[in-house]
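Peer 1: Sharing start14.csv here; it has CSV, C-alpha atoms.
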chain,number,residue,atom,x,y,z
A,8,GLY,CA,49.4,141.4,45.9
A,9,GLU,CA,51.3,142.4,42.8
A,10,SER,CA,52.8,139.6,40.7
A,11,VAL,CA,54.3,139.1,37.3
A,12,GLY,CA,54.2,135.6,36.0
A,13,LEU,CA,55.2,133.7,32.9
A,14,HIS,CA,53.1,131.1,31.2
A,15,LEU,CA,55.8,128.5,30.7
A,16,PRO,CA,58.8,127.7,32.8
A,17,THR,CA,60.7,126.2,29.8
A,18,LEU,CA,60.7,126.6,26.1
A,19,SER,CA,62.8,124.5,23.7
A,20,VAL,CA,63.3,125.6,20.1
A,21,GLN,CA,65.4,124.7,17.1
A,22,GLU,CA,68.1,127.1,15.9
A,23,GLY,CA,66.5,129.5,13.3
A,24,ASP,CA,63.0,129.2,14.7
A,25,ASN,CA,61.1,132.2,16.1
A,26,SER,CA,60.6,132.1,19.9
A,27,ILE,CA,57.7,133.6,21.7
A,28,ILE,CA,57.9,134.0,25.5
A,29,ASN,CA,54.7,135.1,27.3
A,30,CYS,CA,54.1,137.0,30.5
A,31,ALA,CA,51.0,138.0,32.4
A,32,TYR,CA,51.0,140.9,34.8
A,33,SER,CA,48.5,141.7,37.4
A,34,ASN,CA,48.9,145.4,38.2
A,35,SER,CA,46.9,147.5,35.8
A,36,ALA,CA,48.6,150.6,37.2
A,37,SER,CA,52.0,149.5,35.9
A,38,ASP,CA,53.2,151.7,33.1
A,39,TYR,CA,56.6,150.4,32.2
A,40,PHE,CA,57.8,146.9,31.4
A,41,ILE,CA,61.2,145.4,30.7
A,42,TRP,CA,62.5,142.1,29.4
A,43,TYR,CA,65.7,140.8,30.8
A,44,LYS,CA,67.9,137.9,29.8
A,45,GLN,CA,70.0,136.1,32.4
A,46,GLU,CA,72.7,133.7,31.7
A,47,SER,CA,74.1,131.3,34.3
A,48,GLY,CA,76.3,133.1,36.8
A,49,LYS,CA,75.5,136.6,35.4
A,50,GLY,CA,73.3,139.5,36.2
A,51,PRO,CA,70.1,140.3,34.3
A,52,GLN,CA,70.8,141.9,30.9
A,53,PHE,CA,68.4,144.5,29.5
A,54,ILE,CA,66.9,143.3,26.2
A,55,ILE,CA,64.0,145.7,25.4
A,56,ASP,CA,61.4,147.8,27.2
A,57,ILE,CA,58.0,149.2,26.5
A,58,ARG,CA,56.0,151.9,28.0
A,59,SER,CA,52.3,151.8,28.5
A,60,ASN,CA,51.6,154.3,25.8
A,61,MET,CA,52.8,151.8,23.2
A,62,ASP,CA,51.6,148.3,22.2
A,63,LYS,CA,54.6,147.2,20.2
A,64,ARG,CA,58.3,147.9,20.1
A,65,GLN,CA,61.0,146.4,18.0
A,66,GLY,CA,64.7,146.0,18.5
A,67,GLN,CA,67.4,144.0,16.8
A,68,ARG,CA,65.7,140.5,16.3
A,69,VAL,CA,63.4,141.1,19.3
A,70,THR,CA,59.9,142.5,19.5
A,71,VAL,CA,57.9,143.2,22.6
A,72,LEU,CA,54.1,143.3,22.4
A,73,LEU,CA,51.9,144.8,25.2
A,74,ASN,CA,48.2,144.1,25.5
A,75,LYS,CA,46.9,146.3,28.3
A,76,THR,CA,43.3,145.0,27.9
A,77,VAL,CA,44.3,141.5,29.1
A,78,LYS,CA,47.5,142.5,30.9
A,79,HIS,CA,49.7,140.5,28.7
A,80,LEU,CA,53.3,141.0,27.5
A,81,SER,CA,55.3,138.9,25.1
A,82,LEU,CA,58.8,138.8,23.8
A,83,GLN,CA,59.4,137.5,20.3
A,84,ILE,CA,62.9,136.5,19.2
A,85,ALA,CA,63.4,136.1,15.5
A,86,ALA,CA,65.8,133.5,14.1
A,87,THR,CA,66.7,132.1,17.5
A,88,GLN,CA,70.4,131.3,18.0
A,89,PRO,CA,72.2,129.1,20.5
A,90,GLY,CA,73.5,132.2,22.1
A,91,ASP,CA,69.9,133.1,23.0
A,92,SER,CA,69.7,130.2,25.4
A,93,ALA,CA,69.1,131.7,28.9
A,94,VAL,CA,66.4,132.5,31.4
A,95,TYR,CA,64.1,135.3,30.3
A,96,PHE,CA,62.3,137.5,32.9
A,97,CYS,CA,59.7,140.1,32.3
A,98,ALA,CA,59.4,142.8,34.9
A,99,GLU,CA,57.0,145.6,35.6
A,100,ILE,CA,57.1,148.9,37.5
A,101,GLY,CA,54.4,148.6,40.1
A,102,ALA,CA,53.1,151.5,42.2
A,103,GLY,CA,56.0,153.7,41.0
A,104,THR,CA,58.5,152.0,43.2
A,105,ALA,CA,60.0,148.6,42.9
A,106,LEU,CA,60.6,146.6,39.7
A,107,ILE,CA,58.8,143.4,40.1
A,108,PHE,CA,60.0,140.2,38.5
A,109,GLY,CA,58.3,136.9,37.5
A,110,LYS,CA,59.9,133.5,37.9
A,111,GLY,CA,61.4,133.4,34.4
A,112,THR,CA,61.3,131.2,31.3
A,113,THR,CA,64.2,129.0,30.4
A,114,LEU,CA,64.9,129.1,26.7
A,115,SER,CA,66.9,126.2,25.2
A,116,VAL,CA,68.0,126.5,21.6
A,117,SER,CA,69.3,123.4,19.9
A,118,SER,CA,71.4,123.3,16.8
B,12,ASN,CA,83.4,150.4,32.3
B,13,ALA,CA,80.3,152.5,32.6
B,14,GLY,CA,78.1,149.7,33.9
B,15,VAL,CA,76.8,148.9,37.4
B,16,MET,CA,79.7,147.6,39.4
B,17,GLN,CA,79.4,145.2,42.3
B,18,ASN,CA,82.0,143.8,44.6
B,19,PRO,CA,82.9,141.4,45.8
B,20,ARG,CA,81.7,139.0,43.1
B,21,HIS,CA,82.0,136.1,45.5
B,22,LEU,CA,82.0,136.1,49.2
B,23,VAL,CA,82.2,133.3,51.8
B,24,ARG,CA,81.3,133.9,55.4
B,25,ARG,CA,80.9,131.7,58.4
B,26,ARG,CA,77.7,131.7,60.3
B,27,GLY,CA,77.5,134.7,62.6
B,28,GLN,CA,79.9,136.9,60.6
B,29,GLU,CA,79.0,140.1,58.7
B,30,ALA,CA,78.7,140.4,55.0
B,31,ARG,CA,79.1,143.8,53.2
B,32,LEU,CA,78.2,144.0,49.5
B,33,ARG,CA,79.0,147.1,47.5
B,34,CYS,CA,77.4,148.7,44.5
B,35,SER,CA,78.5,151.6,42.4
B,36,PRO,CA,75.7,152.7,40.1
B,37,MET,CA,76.2,153.7,36.5
B,38,LYS,CA,77.6,157.2,36.0
B,39,GLY,CA,75.0,159.8,36.5
B,40,HIS,CA,72.5,157.4,38.2
B,41,SER,CA,71.2,158.4,41.6
B,42,HIS,CA,68.7,155.6,42.2
B,43,VAL,CA,69.8,152.2,43.4
B,44,TYR,CA,67.9,149.0,43.9
B,45,TRP,CA,68.9,145.7,45.6
B,46,TYR,CA,67.5,142.3,44.8
B,47,ARG,CA,68.1,138.8,46.1
B,48,GLN,CA,68.0,135.7,43.9
B,49,LEU,CA,67.9,132.2,45.3
B,50,PRO,CA,68.9,129.3,43.1
B,51,GLU,CA,66.4,128.5,40.3
B,52,GLU,CA,64.2,131.4,41.4
B,53,GLY,CA,63.4,135.0,40.2
B,54,LEU,CA,64.7,138.2,41.7
B,55,LYS,CA,63.1,139.5,44.8
B,56,PHE,CA,63.1,143.2,45.5
B,57,MET,CA,64.7,144.2,48.8
B,58,VAL,CA,65.3,147.9,48.9
B,59,TYR,CA,65.2,151.1,46.8
B,60,LEU,CA,67.5,154.0,47.7
B,61,GLN,CA,68.4,157.4,46.5
B,62,LYS,CA,71.4,159.3,47.6
B,63,GLU,CA,71.2,159.5,51.5
B,64,ASN,CA,67.6,158.3,51.5
B,65,ILE,CA,65.8,154.9,51.7
B,66,ILE,CA,62.7,155.2,49.5
B,67,ASP,CA,61.3,151.7,49.8
B,68,GLU,CA,62.5,148.9,52.0
B,69,SER,CA,59.4,146.8,52.0
B,70,GLY,CA,61.4,143.8,50.8
B,71,MET,CA,64.1,143.9,53.4
B,72,PRO,CA,64.0,141.4,56.3
B,73,LYS,CA,63.3,143.2,59.5
B,74,GLU,CA,66.4,142.1,61.3
B,75,ARG,CA,70.1,141.8,60.4
B,76,PHE,CA,69.8,143.5,57.0
B,77,SER,CA,70.5,147.2,56.3
B,78,ALA,CA,71.3,149.3,53.3
B,79,GLU,CA,72.7,152.7,52.7
B,80,PHE,CA,73.6,154.9,49.8
B,81,PRO,CA,75.8,157.8,51.1
B,82,LYS,CA,76.3,161.1,49.4
B,83,GLU,CA,79.8,159.9,48.4
B,84,GLY,CA,80.8,156.4,47.6
B,85,PRO,CA,78.9,153.2,46.7
B,86,SER,CA,75.7,151.8,48.1
B,87,ILE,CA,76.2,149.1,50.8
B,88,LEU,CA,74.0,146.2,51.6
B,89,ARG,CA,75.0,144.9,55.0
B,90,ILE,CA,74.0,141.5,56.5
B,91,GLN,CA,74.8,141.0,60.1
B,92,GLN,CA,75.2,137.6,61.8
B,93,VAL,CA,74.7,135.7,58.6
B,94,VAL,CA,72.9,132.4,58.5
B,95,ARG,CA,72.9,129.7,55.9
B,96,GLY,CA,69.6,130.9,54.5
B,97,ASP,CA,71.3,134.1,53.5
B,98,SER,CA,73.3,132.3,50.8
B,99,ALA,CA,72.1,133.7,47.6
B,100,ALA,CA,73.1,136.0,44.7
B,101,TYR,CA,72.5,139.7,45.5
B,102,PHE,CA,72.0,142.0,42.6
B,103,CYS,CA,72.2,145.8,42.4
B,104,ALA,CA,70.6,147.9,39.8
B,105,SER,CA,70.5,151.6,39.0
B,106,SER,CA,68.5,154.1,37.1
B,107,LEU,CA,68.7,157.8,36.3
B,108,ASN,CA,65.5,158.6,38.0
B,109,GLN,CA,62.0,157.3,38.4
B,110,ASN,CA,60.6,158.8,35.2
B,111,TYR,CA,60.5,155.7,33.1
B,112,LEU,CA,58.3,157.3,30.6
B,113,PHE,CA,61.4,159.3,29.6
B,114,SER,CA,63.0,157.5,26.7
B,115,GLY,CA,66.5,156.5,27.6
B,116,ASN,CA,65.9,155.9,31.3
B,117,THR,CA,65.8,152.3,32.4
B,118,ILE,CA,67.1,150.0,35.0
B,119,TYR,CA,70.4,148.3,34.5
B,120,PHE,CA,71.8,145.5,36.7
B,121,GLY,CA,75.3,144.6,37.9
B,122,GLU,CA,76.8,141.1,37.6
B,123,GLY,CA,75.9,140.3,41.2
B,124,SER,CA,77.6,139.3,44.4
B,125,TRP,CA,77.3,135.6,45.3
B,126,LEU,CA,77.2,135.1,49.1
B,127,THR,CA,77.9,131.6,50.5
B,128,VAL,CA,77.5,131.1,54.2
B,129,VAL,CA,79.3,128.0,55.6
Take the structure I supplied and represent it as structure tokens, if you would.
Peer 2:
Amino acid sequence: GESVGLHLPTLSVQEGDNSIINCAYSNSASDYFIWYKQESGKGPQFIIDIRSNMDKRQGQRVTVLLNKTVKHLSLQIAATQPGDSAVYFCAEIGAGTALIFGKGTTLSVSS
Amino acid sequence: NAGVMQNPRHLVRRRGQEARLRCSPMKGHSHVYWYRQLPEEGLKFMVYLQKENIIDESGMPKERFSAEFPKEGPSILRIQQVVRGDSAAYFCASSLNQNYLFSGNTIYFGEGSWLTVV
């Protein structure tokens, strides 16, 4: 079946470092991908998205890379801050219906 | 507040009671999605609705669970005869339509409803 997974369940970085969170997806028909950030007790917060006709998209301190050849997605956070500590999910639109989530990567930022 | 609104934020029900969770999508959005999240896990798709129509309910349990999105008013996720295993966070999301290749259309989530069954 369709699935979206993340390579690492946890990632610990120092404040100021760059963080890279990876995600592999399995549905080659997916054409839209979103990264969400979820803090404890809150809903998923939209960070950045990318459509399949692009391979890179930049936001404020975040960059998403899409490699359709190997079905890989990554989120890069520049100059990571303590406020970036959260669980990060990638999600894909599969078969034109449901948004499918992976299990998430917990990012811990220490000062 | 123009975001996705969910209520109640927290709900406690005894086993066998009914739980009703409400979701008002963002202004102008006519597509609603419901997800369930167990502790320490990801979000699992339950159901996708448009106004007055269920588009995809492949993630909904066959019994006790139902969802609607009437022409007027919020979307409702209804759980009948709740059991302890229904305890979870339920998230609602909305989008403008399903054309995600259109810049500016994406899926936004509410802050969730936490159901505890005692």
Peer 1: Under the rule that all atoms listed in the file are counted, which of B:Gly115, B:Phe102, B:Tyr44, B:Leu107 is the nearest residue to His21 of chain B?
Peer 2: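 Among the listed residues, the smallest separation from His21 of chain B belongs to B:Phe102.
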Peer 1: Looking at all atoms listed in the file, which of A:Arg64, A:Ser59, A:Gln45, A:Asn74 is the one that sits closest to Gly90 of chain A?
Peer 2: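 Among A:Arg64, A:Ser59, A:Gln45, A:Asn74, it is A:Gln45 that comes nearest to Gly90 of chain A.
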Peer 1: Would you please work out which residue, of A:Pro16, A:Gly23, A:Gly109, A:Pro51, is nearest to Ala85 of chain A when using all atoms listed in the file?
Peer 2: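 Smallest distance to Ala85 of chain A is found for A:Gly23.
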Peer 1: Each residue of chain B lying at most 8 Å from chain A should get a row with its shortest atom-to-atom pair and the distance in Å to one decimal, counting only C-alpha atoms; could you produce that, ordered by chain and increasing number, as a Markdown table?
Peer 2:
| residue | atom | partner | partner_atom | distance |
| --- | --- | --- | --- | --- |
| B:Tyr44 | CA | A:Ala105 | CA | 8.0 |
| B:Glu52 | CA | A:Lys110 | CA | 5.9 |
| B:Gly53 | CA | A:Lys110 | CA | 4.4 |
| B:Leu54 | CA | A:Phe108 | CA | 6.0 |
| B:Lys55 | CA | A:Phe108 | CA | 7.1 |
| B:Phe56 | CA | A:Ala105 | CA | 6.7 |
| B:Tyr59 | CA | A:Ala105 | CA | 7.0 |
| B:Asp67 | CA | A:Thr104 | CA | 7.2 |
| B:Phe102 | CA | A:Gly50 | CA | 7.0 |
| B:Gln109 | CA | A:Gly103 | CA | 7.5 |
| B:Tyr111 | CA | A:Tyr39 | CA | 6.6 |
| B:Leu112 | CA | A:Arg58 | CA | 6.4 |
| B:Ile118 | CA | A:Phe53 | CA | 7.9 |
| B:Tyr119 | CA | A:Phe53 | CA | 6.6 |
| B:Phe120 | CA | A:Pro51 | CA | 6.0 |
| B:Gly121 | CA | A:Gly50 | CA | 5.7 |
| B:Glu122 | CA | A:Gly50 | CA | 4.1 |
| B:Gly123 | CA | A:Gly50 | CA | 5.7 |
Peer 1: Take the residues just selected and output them with C-alpha atoms as a PDB file, in the coordinates of the input.
Peer 2:
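This went into selection_7.pdb:
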ATOM      1  CA  TYR B  44      67.900 149.000  43.900  1.00  0.00           C
ATOM      2  CA  GLU B  52      64.200 131.400  41.400  1.00  0.00           C
ATOM      3  CA  GLY B  53      63.400 135.000  40.200  1.00  0.00           C
ATOM      4  CA  LEU B  54      64.700 138.200  41.700  1.00  0.00           C
ATOM      5  CA  LYS B  55      63.100 139.500  44.800  1.00  0.00           C
ATOM      6  CA  PHE B  56      63.100 143.200  45.500  1.00  0.00           C
ATOM      7  CA  TYR B  59      65.200 151.100  46.800  1.00  0.00           C
ATOM      8  CA  ASP B  67      61.300 151.700  49.800  1.00  0.00           C
ATOM      9  CA  PHE B 102      72.000 142.000  42.600  1.00  0.00           C
ATOM     10  CA  GLN B 109      62.000 157.300  38.400  1.00  0.00           C
ATOM     11  CA  TYR B 111      60.500 155.700  33.100  1.00  0.00           C
ATOM     12  CA  LEU B 112      58.300 157.300  30.600  1.00  0.00           C
ATOM     13  CA  ILE B 118      67.100 150.000  35.000  1.00  0.00           C
ATOM     14  CA  TYR B 119      70.400 148.300  34.500  1.00  0.00           C
ATOM     15  CA  PHE B 120      71.800 145.500  36.700  1.00  0.00           C
ATOM     16  CA  GLY B 121      75.300 144.600  37.900  1.00  0.00           C
ATOM     17  CA  GLU B 122      76.800 141.100  37.600  1.00  0.00           C
ATOM     18  CA  GLY B 123      75.900 140.300  41.200  1.00  0.00           C
TER      19      GLY B 123
END
Peer 1: What's the 12 Å shell around Val116 of chain A, counting only C-alpha atoms, without same-chain residues fewer than 5 positions away, as number ranges by chain?
Peer 2: A: 17-26, 84, 86-94
Peer 1: List the residues sitting within 12 Å of (76.6, 154.7, 40.7) in the file's frame, using all atoms listed in the file, as a PDB file with C-alpha atoms, keeping the file's coordinate frame.
Peer 2:
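Generated file (out35.pdb):
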ATOM      1  CA  ASN B  12      83.400 150.400  32.300  1.00  0.00           C
ATOM      2  CA  ALA B  13      80.300 152.500  32.600  1.00  0.00           C
ATOM      3  CA  GLY B  14      78.100 149.700  33.900  1.00  0.00           C
ATOM      4  CA  VAL B  15      76.800 148.900  37.400  1.00  0.00           C
ATOM      5  CA  MET B  16      79.700 147.600  39.400  1.00  0.00           C
ATOM      6  CA  GLN B  17      79.400 145.200  42.300  1.00  0.00           C
ATOM      7  CA  ARG B  33      79.000 147.100  47.500  1.00  0.00           C
ATOM      8  CA  CYS B  34      77.400 148.700  44.500  1.00  0.00           C
ATOM      9  CA  SER B  35      78.500 151.600  42.400  1.00  0.00           C
ATOM     10  CA  PRO B  36      75.700 152.700  40.100  1.00  0.00           C
ATOM     11  CA  MET B  37      76.200 153.700  36.500  1.00  0.00           C
ATOM     12  CA  LYS B  38      77.600 157.200  36.000  1.00  0.00           C
ATOM     13  CA  GLY B  39      75.000 159.800  36.500  1.00  0.00           C
ATOM     14  CA  HIS B  40      72.500 157.400  38.200  1.00  0.00           C
ATOM     15  CA  SER B  41      71.200 158.400  41.600  1.00  0.00           C
ATOM     16  CA  HIS B  42      68.700 155.600  42.200  1.00  0.00           C
ATOM     17  CA  VAL B  43      69.800 152.200  43.400  1.00  0.00           C
ATOM     18  CA  TYR B  44      67.900 149.000  43.900  1.00  0.00           C
ATOM     19  CA  LEU B  60      67.500 154.000  47.700  1.00  0.00           C
ATOM     20  CA  GLN B  61      68.400 157.400  46.500  1.00  0.00           C
ATOM     21  CA  LYS B  62      71.400 159.300  47.600  1.00  0.00           C
ATOM     22  CA  PHE B  80      73.600 154.900  49.800  1.00  0.00           C
ATOM     23  CA  PRO B  81      75.800 157.800  51.100  1.00  0.00           C
ATOM     24  CA  LYS B  82      76.300 161.100  49.400  1.00  0.00           C
ATOM     25  CA  GLU B  83      79.800 159.900  48.400  1.00  0.00           C
ATOM     26  CA  GLY B  84      80.800 156.400  47.600  1.00  0.00           C
ATOM     27  CA  PRO B  85      78.900 153.200  46.700  1.00  0.00           C
ATOM     28  CA  SER B  86      75.700 151.800  48.100  1.00  0.00           C
ATOM     29  CA  ILE B  87      76.200 149.100  50.800  1.00  0.00           C
ATOM     30  CA  CYS B 103      72.200 145.800  42.400  1.00  0.00           C
ATOM     31  CA  ALA B 104      70.600 147.900  39.800  1.00  0.00           C
ATOM     32  CA  SER B 105      70.500 151.600  39.000  1.00  0.00           C
ATOM     33  CA  SER B 106      68.500 154.100  37.100  1.00  0.00           C
ATOM     34  CA  LEU B 107      68.700 157.800  36.300  1.00  0.00           C
ATOM     35  CA  TYR B 119      70.400 148.300  34.500  1.00  0.00           C
ATOM     36  CA  PHE B 120      71.800 145.500  36.700  1.00  0.00           C
ATOM     37  CA  GLY B 121      75.300 144.600  37.900  1.00  0.00           C
TER      38      GLY B 121
END
Peer 1: Find the residue from B:Thr117, B:Arg20, B:Glu51, B:Arg75 that sits nearest to Glu99 of chain A; use only C-alpha atoms when measuring.
Peer 2: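 The answer is B:Thr117, which sits nearest to Glu99 of chain A.
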Peer 1: What is the atom CA of Asn116 of chain B to atom CA of Ser77 of chain B distance in Å?
Peer 2: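 Atom CA of Ser77 of chain B lies at a distance of 26.9 Å from atom CA of Asn116 of chain B.
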Peer 1: Some atoms are missing, so please complete segment 77-88 of chain B with all heavy atoms and return it as an mmCIF file, keeping the file's coordinate frame.
Peer 2:
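Generated output (out_32.cif):
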data_model
loop_
_atom_site.group_PDB
_atom_site.id
_atom_site.type_symbol
_atom_site.label_atom_id
_atom_site.label_comp_id
_atom_site.auth_asym_id
_atom_site.auth_seq_id
_atom_site.Cartn_x
_atom_site.Cartn_y
_atom_site.Cartn_z
ATOM 1 N N SER B 77 70.560 145.715 56.407
ATOM 2 C CA SER B 77 70.500 147.200 56.300
ATOM 3 C C SER B 77 71.109 147.595 55.004
ATOM 4 O O SER B 77 71.936 146.877 54.427
ATOM 5 C CB SER B 77 71.118 147.856 57.491
ATOM 6 O OG SER B 77 72.504 147.559 57.540
ATOM 7 N N ALA B 78 70.727 148.769 54.542
ATOM 8 C CA ALA B 78 71.300 149.300 53.300
ATOM 9 C C ALA B 78 71.461 150.792 53.431
ATOM 10 O O ALA B 78 70.719 151.461 54.154
ATOM 11 C CB ALA B 78 70.381 148.965 52.118
ATOM 12 N N GLU B 79 72.464 151.286 52.719
ATOM 13 C CA GLU B 79 72.700 152.700 52.700
ATOM 14 C C GLU B 79 73.233 153.124 51.332
ATOM 15 O O GLU B 79 73.812 152.313 50.606
ATOM 16 C CB GLU B 79 73.663 153.145 53.794
ATOM 17 C CG GLU B 79 75.056 152.546 53.659
ATOM 18 C CD GLU B 79 76.013 153.066 54.710
ATOM 19 O OE1 GLU B 79 75.587 153.807 55.617
ATOM 20 O OE2 GLU B 79 77.207 152.737 54.620
ATOM 21 N N PHE B 80 73.048 154.395 51.021
ATOM 22 C CA PHE B 80 73.600 154.900 49.800
ATOM 23 C C PHE B 80 74.043 156.359 50.148
ATOM 24 O O PHE B 80 73.272 157.305 50.045
ATOM 25 C CB PHE B 80 72.525 154.961 48.702
ATOM 26 C CG PHE B 80 73.024 155.334 47.333
ATOM 27 C CD1 PHE B 80 74.377 155.313 47.010
ATOM 28 C CD2 PHE B 80 72.118 155.709 46.348
ATOM 29 C CE1 PHE B 80 74.829 155.651 45.754
ATOM 30 C CE2 PHE B 80 72.559 156.043 45.075
ATOM 31 C CZ PHE B 80 73.902 156.021 44.771
ATOM 32 N N PRO B 81 75.284 156.480 50.620
ATOM 33 C CA PRO B 81 75.800 157.800 51.100
ATOM 34 C C PRO B 81 75.951 158.785 49.977
ATOM 35 O O PRO B 81 75.961 158.434 48.794
ATOM 36 C CB PRO B 81 77.095 157.436 51.778
ATOM 37 C CG PRO B 81 77.546 156.195 51.083
ATOM 38 C CD PRO B 81 76.296 155.432 50.741
ATOM 39 N N LYS B 82 76.142 160.022 50.391
ATOM 40 C CA LYS B 82 76.300 161.100 49.400
ATOM 41 C C LYS B 82 77.565 160.815 48.541
ATOM 42 O O LYS B 82 77.560 161.087 47.332
ATOM 43 C CB LYS B 82 76.517 162.415 50.166
ATOM 44 C CG LYS B 82 76.603 163.631 49.272
ATOM 45 C CD LYS B 82 76.685 164.904 50.105
ATOM 46 C CE LYS B 82 76.749 166.132 49.206
ATOM 47 N NZ LYS B 82 76.861 167.382 50.004
ATOM 48 N N GLU B 83 78.596 160.291 49.161
ATOM 49 C CA GLU B 83 79.800 159.900 48.400
ATOM 50 C C GLU B 83 80.021 158.426 48.582
ATOM 51 O O GLU B 83 79.864 157.883 49.661
ATOM 52 C CB GLU B 83 81.013 160.679 48.959
ATOM 53 C CG GLU B 83 80.899 162.207 48.876
ATOM 54 C CD GLU B 83 80.907 162.718 47.442
ATOM 55 O OE1 GLU B 83 81.444 162.000 46.576
ATOM 56 O OE2 GLU B 83 80.387 163.824 47.202
ATOM 57 N N GLY B 84 80.426 157.769 47.521
ATOM 58 C CA GLY B 84 80.800 156.400 47.600
ATOM 59 C C GLY B 84 79.638 155.447 47.187
ATOM 60 O O GLY B 84 78.537 155.889 46.841
ATOM 61 N N PRO B 85 79.914 154.132 47.246
ATOM 62 C CA PRO B 85 78.900 153.200 46.700
ATOM 63 C C PRO B 85 77.797 152.931 47.715
ATOM 64 O O PRO B 85 77.858 153.307 48.890
ATOM 65 C CB PRO B 85 79.790 151.892 46.604
ATOM 66 C CG PRO B 85 80.815 152.020 47.677
ATOM 67 C CD PRO B 85 81.142 153.494 47.733
ATOM 68 N N SER B 86 76.775 152.278 47.207
ATOM 69 C CA SER B 86 75.700 151.800 48.100
ATOM 70 C C SER B 86 76.211 150.500 48.753
ATOM 71 O O SER B 86 76.948 149.714 48.157
ATOM 72 C CB SER B 86 74.459 151.477 47.255
ATOM 73 O OG SER B 86 73.463 150.889 48.061
ATOM 74 N N ILE B 87 75.819 150.301 49.989
ATOM 75 C CA ILE B 87 76.200 149.100 50.800
ATOM 76 C C ILE B 87 75.017 148.362 51.228
ATOM 77 O O ILE B 87 74.091 148.953 51.793
ATOM 78 C CB ILE B 87 77.055 149.533 52.007
ATOM 79 C CG1 ILE B 87 78.226 150.450 51.647
ATOM 80 C CG2 ILE B 87 77.521 148.291 52.767
ATOM 81 C CD1 ILE B 87 79.369 149.760 50.969
ATOM 82 N N LEU B 88 75.032 147.062 51.003
ATOM 83 C CA LEU B 88 74.000 146.200 51.600
ATOM 84 C C LEU B 88 74.788 145.378 52.683
ATOM 85 O O LEU B 88 75.773 144.710 52.390
ATOM 86 C CB LEU B 88 73.439 145.217 50.575
ATOM 87 C CG LEU B 88 72.403 144.219 51.109
ATOM 88 C CD1 LEU B 88 71.146 144.954 51.584
ATOM 89 C CD2 LEU B 88 72.033 143.185 50.053
#
